[in-house]
Amino acid sequence: MFFNRDEAANMLAERLKSYKGKNPLILAIPRGAVPMAKIIAEALGGTYDVVLVRKLRAPLYPEFAIGSVDESGWTYIADYATSAGADSEYIEYEKQSQMDVIKKRRAQYTPIRPPIDPAGRIIIVIDDGLATGATMISALHGLRNRKPAKLICAVPVSPPDTLKKIAELADEVICLETPNDFQAVGQFYVHFPQVEDDEVIEILQG
């Protein structure tokens, strides 16, 4: 469906061209979306940064999200978390574990400046794709509390049911593809390498 993240970013930028010249703030969910944020920001004449959120992992299936947590500590718990084996004690442990990762990443990614303030800005939150949508839910919730002028979610691919949940939290949702047969984000890219912290740091300092 997409050759790589660069192609997906350029396609999203085309769909977002109505915001060109309005100084939008493109916020990427690390790590995969960070290179995409730079491409979109340059195409639209905006700025870019990261929004730090982490998924809460299912006890026996770490790739499966049972919820998410944002930088403030606000937590989203999916309604299926208990059936996935996550009791309250596990969730609290996993939340603290992921908060530690968030704090570490903030120290790594923007050590000499604070996060860019989203207040009063057109905010476009991007990821390289949604599966459960857990991290996007936390990102949008946290940013809404920061009083943006407009809050937009833009992703290349998402299952339809996830997109319905996201639509309740954003002023606008842009998604290029909504396949019903959805296993993982990576299945919709020909080339989908992991983005490492060093690349993220270099982009954010650029």
# chains A, B, ... in the order shown; residues from 1 in each chain; ligands from 1

call {"tool": "residues_around", "arguments": {"residues": "Ile112 of chain A", "least_positions_apart": "4", "cutoff": "12 Å", "atoms": "only C-alpha atoms", "output": "PyMOL selection string"}}
result
chain A and resi 106-108+201+204-205

call {"tool": "write_last_selection", "arguments": {"atoms": "C-alpha atoms", "output": "compact mmCIF listing (two decimals), in the first residue's frame"}}
result
# COMPACT_ATOMS: atom_id res chain seq x y z
CA ARG A 106 12.11 13.62 26.93
CA ALA A 107 15.60 13.95 28.38
CA GLN A 108 17.07 12.42 25.21
CA ILE A 201 17.39 13.07 18.12
CA LEU A 204 14.57 17.10 16.41
CA GLN A 205 17.86 18.98 16.60

call {"tool": "closest_atom_pairs", "arguments": {"of": "segment 66-127 of chain A", "to": "segment 7-30 of chain A", "cutoff": "6 Å", "atoms": "only C-alpha atoms", "output": "tab-separated table"}}
result
residue	atom	partner	partner_atom	distance
A:Ile122	CA	A:Pro24	CA	4.9
A:Ile123	CA	A:Leu25	CA	5.0
A:Ile124	CA	A:Ile26	CA	4.8
A:Val125	CA	A:Leu27	CA	4.8
A:Ile126	CA	A:Ala28	CA	5.1
A:Asp127	CA	A:Ile29	CA	5.6

call {"tool": "write_last_selection", "arguments": {"atoms": "C-alpha atoms", "output": "PDB file, in the first residue's frame"}}
result
ATOM      1  CA  ILE A 122      -3.332  24.230  14.559  1.00  0.00           C
ATOM      2  CA  ILE A 123      -2.077  20.846  15.764  1.00  0.00           C
ATOM      3  CA  ILE A 124      -1.667  17.868  13.442  1.00  0.00           C
ATOM      4  CA  VAL A 125      -0.869  14.653  15.321  1.00  0.00           C
ATOM      5  CA  ILE A 126       0.626  11.949  13.149  1.00  0.00           C
ATOM      6  CA  ASP A 127       1.668   8.339  13.406  1.00  0.00           C
TER       7      ASP A 127
END

call {"tool": "atom_distance", "arguments": {"atom1": "atom CA of Arg113 of chain A", "atom2": "atom CA of Val50 of chain A"}}
result
12.4 Å

call {"tool": "residues_around", "arguments": {"residues": "Ala167 of chain A", "least_positions_apart": "5", "cutoff": "12 Å", "atoms": "only C-alpha atoms", "output": "PyMOL selection string"}}
result
chain A and resi 133+136-137+140-141+151-154+158+160-162+172-175

call {"tool": "write_last_selection", "arguments": {"atoms": "N, CA and C atoms", "output": "compact mmCIF listing (two decimals), in the first residue's frame"}}
result
# COMPACT_ATOMS: atom_id res chain seq x y z
N GLY A 133 -5.15 2.09 18.31
CA GLY A 133 -5.36 3.53 18.49
C GLY A 133 -5.06 4.03 19.89
N MET A 136 -2.66 7.08 20.20
CA MET A 136 -3.27 8.28 19.61
C MET A 136 -4.35 8.84 20.54
N ILE A 137 -5.09 7.96 21.21
CA ILE A 137 -6.11 8.41 22.15
C ILE A 137 -5.48 9.25 23.26
N LEU A 140 -4.19 12.70 21.80
CA LEU A 140 -5.25 13.67 21.53
C LEU A 140 -5.87 14.18 22.83
N HIS A 141 -6.06 13.30 23.79
CA HIS A 141 -6.63 13.72 25.07
C HIS A 141 -5.74 14.76 25.76
N LEU A 151 -7.47 20.59 16.41
CA LEU A 151 -6.75 19.35 16.69
C LEU A 151 -7.09 18.32 15.61
N ILE A 152 -6.06 17.93 14.87
CA ILE A 152 -6.24 17.06 13.71
C ILE A 152 -5.41 15.78 13.91
N CYS A 153 -5.98 14.65 13.56
CA CYS A 153 -5.24 13.39 13.53
C CYS A 153 -5.04 13.02 12.07
N ALA A 154 -3.80 12.72 11.69
CA ALA A 154 -3.51 12.36 10.31
C ALA A 154 -2.63 11.11 10.29
N SER A 158 -5.44 2.80 9.03
CA SER A 158 -6.07 2.44 10.29
C SER A 158 -7.25 1.52 10.01
N PRO A 160 -11.11 0.49 10.35
CA PRO A 160 -12.26 1.40 10.47
C PRO A 160 -12.75 1.59 11.90
N ASP A 161 -12.79 0.52 12.71
CA ASP A 161 -13.33 0.65 14.07
C ASP A 161 -12.44 1.53 14.94
N THR A 162 -11.13 1.46 14.74
CA THR A 162 -10.22 2.34 15.47
C THR A 162 -10.46 3.79 15.10
N GLU A 172 -10.73 16.93 13.32
CA GLU A 172 -10.67 16.41 11.95
C GLU A 172 -9.78 15.18 11.95
N VAL A 173 -10.16 14.17 11.19
CA VAL A 173 -9.34 12.96 11.04
C VAL A 173 -9.08 12.73 9.56
N ILE A 174 -7.82 12.57 9.22
CA ILE A 174 -7.43 12.25 7.85
C ILE A 174 -6.72 10.91 7.86
N CYS A 175 -7.25 9.97 7.09
CA CYS A 175 -6.65 8.64 7.00
C CYS A 175 -6.70 8.21 5.54

call {"tool": "closest_residue", "arguments": {"among": "A:Tyr80, A:Tyr109, A:Trp74, A:Phe64", "to": "Asp49 of chain A", "atoms": "only C-alpha atoms"}}
result
A:Tyr109

call {"tool": "select_by_dssp", "arguments": {"residues": "segment 64-166 of chain A", "states": "alpha helix (DSSP H)", "output": "ChimeraX atom specification"}}
result
/A:88-109,134-144,160-166

call {"tool": "select_by_dssp", "arguments": {"residues": "segment 35-89 of chain A", "states": "strand (DSSP E)", "output": "list in words"}}
result
Thr47, Tyr48, Asp49, Val50, Val53, Arg54, Lys55, Leu56, Arg57, Ala65, Ile66, Gly67, Ser68, Val69, Asp70, Thr75, Tyr76 and Ile77 of chain A

call {"tool": "write_last_selection", "arguments": {"atoms": "all heavy atoms", "output": "compact mmCIF listing (two decimals), in the first residue's frame"}}
result
# COMPACT_ATOMS: atom_id res chain seq x y z
N THR A 47 6.01 23.77 11.84
CA THR A 47 7.07 23.29 12.72
C THR A 47 6.72 21.89 13.19
O THR A 47 5.58 21.43 13.04
CB THR A 47 7.24 24.22 13.94
OG1 THR A 47 5.96 24.43 14.54
CG2 THR A 47 7.82 25.55 13.54
N TYR A 48 7.68 21.19 13.78
CA TYR A 48 7.42 19.82 14.21
C TYR A 48 8.07 19.55 15.56
O TYR A 48 9.05 20.18 15.95
CB TYR A 48 7.88 18.81 13.16
CG TYR A 48 9.36 18.82 12.85
CD1 TYR A 48 10.26 18.02 13.55
CD2 TYR A 48 9.87 19.64 11.84
CE1 TYR A 48 11.61 18.04 13.26
CE2 TYR A 48 11.21 19.66 11.53
CZ TYR A 48 12.09 18.85 12.25
OH TYR A 48 13.43 18.88 11.96
N ASP A 49 7.49 18.58 16.25
CA ASP A 49 7.98 18.17 17.56
C ASP A 49 7.41 16.77 17.82
O ASP A 49 6.76 16.18 16.95
CB ASP A 49 7.52 19.16 18.64
CG ASP A 49 8.38 19.12 19.91
OD1 ASP A 49 9.26 18.23 20.02
OD2 ASP A 49 8.16 19.96 20.80
N VAL A 50 7.64 16.27 19.02
CA VAL A 50 7.08 14.97 19.40
C VAL A 50 6.02 15.17 20.47
O VAL A 50 6.06 16.13 21.24
CB VAL A 50 8.16 14.01 19.94
CG1 VAL A 50 9.04 13.50 18.82
CG2 VAL A 50 9.00 14.66 21.04
N VAL A 53 3.84 9.70 24.28
CA VAL A 53 2.86 8.78 24.84
C VAL A 53 3.43 7.37 24.68
O VAL A 53 4.28 7.13 23.82
CB VAL A 53 1.49 8.88 24.14
CG1 VAL A 53 0.81 10.20 24.45
CG2 VAL A 53 1.63 8.73 22.63
N ARG A 54 2.95 6.46 25.51
CA ARG A 54 3.40 5.07 25.43
C ARG A 54 2.22 4.14 25.58
O ARG A 54 1.31 4.38 26.38
CB ARG A 54 4.41 4.77 26.55
CG ARG A 54 5.73 5.49 26.42
CD ARG A 54 6.62 4.89 25.37
NE ARG A 54 7.04 3.54 25.71
CZ ARG A 54 7.78 2.76 24.92
NH1 ARG A 54 8.12 3.17 23.72
NH2 ARG A 54 8.13 1.55 25.32
N LYS A 55 2.25 3.06 24.82
CA LYS A 55 1.20 2.07 25.01
C LYS A 55 1.48 1.25 26.26
O LYS A 55 2.64 1.09 26.67
CB LYS A 55 1.10 1.15 23.79
CG LYS A 55 2.22 0.14 23.62
CD LYS A 55 1.97 -0.72 22.40
CE LYS A 55 3.11 -1.73 22.20
NZ LYS A 55 2.93 -2.53 20.97
N LEU A 56 0.43 0.77 26.88
CA LEU A 56 0.52 -0.18 27.98
C LEU A 56 0.40 -1.57 27.38
O LEU A 56 -0.58 -1.87 26.68
CB LEU A 56 -0.58 0.08 29.02
CG LEU A 56 -0.61 1.49 29.61
CD1 LEU A 56 -1.75 1.61 30.62
CD2 LEU A 56 0.72 1.84 30.27
N ARG A 57 1.36 -2.41 27.63
CA ARG A 57 1.46 -3.70 26.96
C ARG A 57 0.65 -4.78 27.69
O ARG A 57 0.62 -4.83 28.92
CB ARG A 57 2.92 -4.13 26.89
CG ARG A 57 3.82 -3.10 26.20
CD ARG A 57 5.28 -3.39 26.44
NE ARG A 57 5.60 -3.27 27.88
CZ ARG A 57 6.80 -3.49 28.39
NH1 ARG A 57 7.80 -3.81 27.60
NH2 ARG A 57 7.00 -3.36 29.69
N ALA A 65 -1.65 -3.59 22.65
CA ALA A 65 -1.90 -2.50 23.60
C ALA A 65 -3.20 -2.71 24.36
O ALA A 65 -4.24 -2.97 23.76
CB ALA A 65 -1.95 -1.17 22.86
N ILE A 66 -3.12 -2.61 25.68
CA ILE A 66 -4.33 -2.65 26.51
C ILE A 66 -4.70 -1.25 27.00
O ILE A 66 -5.66 -1.06 27.73
CB ILE A 66 -4.14 -3.57 27.73
CG1 ILE A 66 -2.91 -3.14 28.53
CG2 ILE A 66 -4.03 -5.03 27.28
CD1 ILE A 66 -2.87 -3.65 29.94
N GLY A 67 -3.91 -0.25 26.58
CA GLY A 67 -4.15 1.13 26.97
C GLY A 67 -2.93 1.96 26.65
O GLY A 67 -2.06 1.54 25.88
N SER A 68 -2.86 3.14 27.26
CA SER A 68 -1.73 4.02 27.00
C SER A 68 -1.65 5.06 28.10
O SER A 68 -2.59 5.26 28.87
CB SER A 68 -1.89 4.70 25.64
OG SER A 68 -3.15 5.39 25.58
N VAL A 69 -0.50 5.74 28.14
CA VAL A 69 -0.29 6.79 29.14
C VAL A 69 0.41 7.96 28.46
O VAL A 69 1.23 7.77 27.55
CB VAL A 69 0.55 6.24 30.33
CG1 VAL A 69 1.94 5.78 29.87
CG2 VAL A 69 0.67 7.28 31.44
N ASP A 70 0.06 9.19 28.87
CA ASP A 70 0.72 10.36 28.29
C ASP A 70 1.73 10.94 29.27
O ASP A 70 1.94 10.42 30.37
CB ASP A 70 -0.31 11.40 27.82
CG ASP A 70 -0.97 12.17 28.97
OD1 ASP A 70 -0.61 11.95 30.15
OD2 ASP A 70 -1.86 13.00 28.68
N THR A 75 -4.02 8.20 32.00
CA THR A 75 -4.01 6.83 31.47
C THR A 75 -5.33 6.48 30.82
O THR A 75 -6.40 6.75 31.36
CB THR A 75 -3.74 5.82 32.61
OG1 THR A 75 -2.55 6.21 33.30
CG2 THR A 75 -3.53 4.42 32.05
N TYR A 76 -5.22 5.88 29.64
CA TYR A 76 -6.38 5.30 28.95
C TYR A 76 -6.28 3.78 29.08
O TYR A 76 -5.24 3.19 28.78
CB TYR A 76 -6.39 5.70 27.47
CG TYR A 76 -7.18 4.78 26.58
CD1 TYR A 76 -8.58 4.77 26.62
CD2 TYR A 76 -6.53 3.91 25.71
CE1 TYR A 76 -9.31 3.91 25.81
CE2 TYR A 76 -7.25 3.05 24.88
CZ TYR A 76 -8.63 3.05 24.95
OH TYR A 76 -9.35 2.20 24.14
N ILE A 77 -7.37 3.17 29.55
CA ILE A 77 -7.42 1.72 29.68
C ILE A 77 -8.51 1.20 28.76
O ILE A 77 -9.68 1.61 28.87
CB ILE A 77 -7.69 1.27 31.12
CG1 ILE A 77 -6.65 1.88 32.08
CG2 ILE A 77 -7.70 -0.25 31.23
CD1 ILE A 77 -5.22 1.46 31.83

call {"tool": "atom_distance", "arguments": {"atom1": "atom CA of Val185 of chain A", "atom2": "atom CA of Met36 of chain A"}}
result
14.9 Å

call {"tool": "closest_residue", "arguments": {"among": "A:Gly32, A:Gly129, A:Gly206, A:Pro59", "to": "Phe2 of chain A", "atoms": "only C-alpha atoms"}}
result
A:Gly129

call {"tool": "atom_distance", "arguments": {"atom1": "atom CA of Ala33 of chain A", "atom2": "atom CA of Thr135 of chain A"}}
result
12.3 Å
